[in-house]
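A quick write-up on the structure given underneath.
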Amino acid sequence: MRKPFVVASLSLALFAVGCADMTDTQRRTAMGAGAGALGGAAIGAVTGGHAGTGAVIGAGVGALGTYIWSQRMERQRQDMQAVTQGTGVVVTQTPDNQLKLDIPSDISFAVNRADVEPNFRPILDRFAEGLRANPNADVRIIGHTDSTGTDAINNPLSIERAASVRNYLTARGVSGARIYVDGRGSREPIASNNTADGRARNRRVEIYMGERQG
């Protein structure tokens, strides 16, 4: 049982060495496949199957499950940083190559409201432009609230806010089939709900954009 697992580990190391001469896209795909192979080997060993077979399955899953950071994604990041400068919106590249926009409450939604605020619209307009230019990109929009009020209020409100952003984007030519929305209510705070500033930080919308490998 240990030998195939060691082989899978060695294969992952060889992937890393071989990646030196690859493009960024090729490197991420290879490392995803290598990581998947190692995970598949572990699954095969734990479940009593053959680690080698698990490695093959895992390699396929790893390769298919990665996002790429293309030139289009980099341009989108730069565009969003430019249009959000001074607004408090945080634009980052996540470890798994998604573009993330963290939208604070003071420009996105009024308290207890799900209507897109006027200051938020130019940001979404530019974001929609990038989506229309990148047909391989999908979007996740996650709404959050502070802990004021009950879950019966906060949970649907967070979903309504995410849905409002989706509807704004679809009204500007982005296919709704590419957009996933969810609401987390007050379950995932990023600051203390014991202060007004902390509650304001927790009332937010997070937008994730990931480009699939074409």
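Ligands are numbered from 1 in the order shown, chains are lettered A, B, ... in the order of the structure tokens, and residues start at 1 in each chain.
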
Selection near stretch 168-171 of chain A, 9 Å with only C-alpha atoms, sequence-local residues under 2 positions removed, as JSON, numbers by chain: {"A": [116, 121, 124, 125, 127, 128, 163, 164, 165, 166, 173, 174, 175, 176, 179]}

Near-stretch 72-78 of chain A list (12 Å; only C-alpha atoms; drop same-chain fewer than 6 positions) as a ChimeraX atom specification: /A:84-85,90-94,97-101,123,126-138,208-212

Please report, as JSON lines, each residue of stretch 139-180 of chain A lying at most 8 Å from stretch 186-199 of chain A, together with the nearest pair of atoms and the separation in Å rounded to one decimal; use only C-alpha atoms, and order rows by chain and ascending residue number.
```
{"residue": "A:His144", "atom": "CA", "partner": "A:Ser186", "partner_atom": "CA", "distance": 6.0}
{"residue": "A:Thr145", "atom": "CA", "partner": "A:Ser186", "partner_atom": "CA", "distance": 4.9}
{"residue": "A:Asp146", "atom": "CA", "partner": "A:Ser186", "partner_atom": "CA", "distance": 5.1}
{"residue": "A:Ser147", "atom": "CA", "partner": "A:Ser186", "partner_atom": "CA", "distance": 5.2}
{"residue": "A:Asp151", "atom": "CA", "partner": "A:Ser186", "partner_atom": "CA", "distance": 7.6}
{"residue": "A:Asn154", "atom": "CA", "partner": "A:Ser186", "partner_atom": "CA", "distance": 6.7}
{"residue": "A:Asn155", "atom": "CA", "partner": "A:Ser186", "partner_atom": "CA", "distance": 7.5}
```

Grab the residues selected above and save them as a compact mmCIF listing (two decimals), in the first residue's frame with N, CA, C and O atoms.
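Dumped to again.txt:
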```txt
# COMPACT_ATOMS: atom_id res chain seq x y z
N HIS A 144 -23.70 39.00 2.61
CA HIS A 144 -23.49 38.85 4.06
C HIS A 144 -24.21 39.97 4.80
O HIS A 144 -24.41 41.06 4.27
N THR A 145 -24.58 39.70 6.05
CA THR A 145 -25.16 40.72 6.92
C THR A 145 -24.40 40.75 8.23
O THR A 145 -23.56 39.88 8.50
N ASP A 146 -24.72 41.76 9.07
CA ASP A 146 -24.19 41.71 10.44
C ASP A 146 -25.15 40.88 11.28
O ASP A 146 -26.09 40.28 10.77
N SER A 147 -24.92 40.85 12.60
CA SER A 147 -25.73 39.99 13.46
C SER A 147 -26.97 40.68 14.00
O SER A 147 -27.72 40.09 14.78
N ASP A 151 -32.03 35.44 12.16
CA ASP A 151 -31.70 34.71 10.94
C ASP A 151 -32.85 34.75 9.94
O ASP A 151 -32.63 34.72 8.72
N ASN A 154 -32.05 38.06 8.30
CA ASN A 154 -30.72 38.20 7.70
C ASN A 154 -30.47 37.23 6.56
O ASN A 154 -29.86 37.60 5.55
N ASN A 155 -30.90 35.99 6.70
CA ASN A 155 -30.60 35.00 5.66
C ASN A 155 -31.23 35.36 4.31
O ASN A 155 -30.54 35.39 3.29
```

Which of stretch 78-162 of chain A fall in strand (DSSP E), as a ChimeraX atom specification: /A:90-93,98-104,137-143

Just to be explicit: take each residue in the selection above, keep N, CA, C and O atoms, and write the result as a tab-separated table (two decimals), in the first residue's frame.
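Written output follows (result-v8.tsv):
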```tsv
chain	number	residue	atom	x	y	z
A	90	VAL	N	-12.06	46.12	-2.06
A	90	VAL	CA	-10.78	45.41	-2.08
A	90	VAL	C	-10.79	44.42	-3.24
A	90	VAL	O	-11.67	43.55	-3.31
A	91	VAL	N	-9.83	44.55	-4.14
A	91	VAL	CA	-9.73	43.68	-5.31
A	91	VAL	C	-8.49	42.81	-5.17
A	91	VAL	O	-7.38	43.33	-5.03
A	92	THR	N	-8.66	41.50	-5.18
A	92	THR	CA	-7.53	40.59	-4.98
A	92	THR	C	-7.62	39.40	-5.92
A	92	THR	O	-8.68	39.09	-6.47
A	93	GLN	N	-6.49	38.72	-6.07
A	93	GLN	CA	-6.43	37.42	-6.74
A	93	GLN	C	-6.35	36.36	-5.66
A	93	GLN	O	-5.45	36.38	-4.82
A	98	GLN	N	-8.98	33.03	-8.63
A	98	GLN	CA	-10.22	33.76	-8.85
A	98	GLN	C	-9.97	35.24	-8.55
A	98	GLN	O	-9.16	35.60	-7.70
A	99	LEU	N	-10.69	36.09	-9.27
A	99	LEU	CA	-10.69	37.51	-8.98
A	99	LEU	C	-11.77	37.76	-7.94
A	99	LEU	O	-12.93	37.39	-8.13
A	100	LYS	N	-11.40	38.39	-6.82
A	100	LYS	CA	-12.34	38.62	-5.73
A	100	LYS	C	-12.53	40.11	-5.52
A	100	LYS	O	-11.58	40.87	-5.43
A	101	LEU	N	-13.80	40.53	-5.45
A	101	LEU	CA	-14.16	41.89	-5.09
A	101	LEU	C	-14.89	41.85	-3.76
A	101	LEU	O	-15.93	41.19	-3.64
A	102	ASP	N	-14.34	42.52	-2.76
A	102	ASP	CA	-14.97	42.61	-1.45
A	102	ASP	C	-15.62	43.99	-1.37
A	102	ASP	O	-14.93	45.00	-1.27
A	103	ILE	N	-16.94	44.03	-1.42
A	103	ILE	CA	-17.69	45.28	-1.53
A	103	ILE	C	-18.24	45.68	-0.17
A	103	ILE	O	-19.09	44.98	0.38
A	104	PRO	N	-17.79	46.79	0.42
A	104	PRO	CA	-18.30	47.20	1.73
A	104	PRO	C	-19.71	47.75	1.65
A	104	PRO	O	-20.19	48.16	0.58
A	137	ALA	N	-15.57	32.72	-18.20
A	137	ALA	CA	-15.56	33.09	-16.79
A	137	ALA	C	-16.94	32.89	-16.16
A	137	ALA	O	-17.97	33.19	-16.77
A	138	ASP	N	-16.94	32.35	-14.95
A	138	ASP	CA	-18.15	32.20	-14.14
A	138	ASP	C	-18.02	33.10	-12.91
A	138	ASP	O	-16.93	33.50	-12.52
A	139	VAL	N	-19.16	33.39	-12.29
A	139	VAL	CA	-19.19	34.33	-11.18
A	139	VAL	C	-19.98	33.74	-10.01
A	139	VAL	O	-21.02	33.11	-10.21
A	140	ARG	N	-19.45	33.95	-8.81
A	140	ARG	CA	-20.18	33.65	-7.58
A	140	ARG	C	-20.37	34.97	-6.83
A	140	ARG	O	-19.42	35.72	-6.65
A	141	ILE	N	-21.59	35.22	-6.38
A	141	ILE	CA	-21.89	36.43	-5.61
A	141	ILE	C	-22.44	35.99	-4.26
A	141	ILE	O	-23.46	35.29	-4.19
A	142	ILE	N	-21.77	36.39	-3.19
A	142	ILE	CA	-22.13	35.97	-1.84
A	142	ILE	C	-22.51	37.19	-1.02
A	142	ILE	O	-21.72	38.12	-0.88
A	143	GLY	N	-23.73	37.19	-0.49
A	143	GLY	CA	-24.19	38.28	0.35
A	143	GLY	C	-24.00	37.96	1.82
A	143	GLY	O	-24.13	36.80	2.25
```

Interatomic distance (Å, one decimal) between atom CA of A:Ile159 and atom CA of A:Gln213: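 Going from atom CA of A:Ile159 over to atom CA of A:Gln213, I get 28.7 Å.
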
Atom CA of A:Ile207 to atom CA of A:Tyr67, straight-line distance in Å: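 Interatomic distance here is 15.4 Å.
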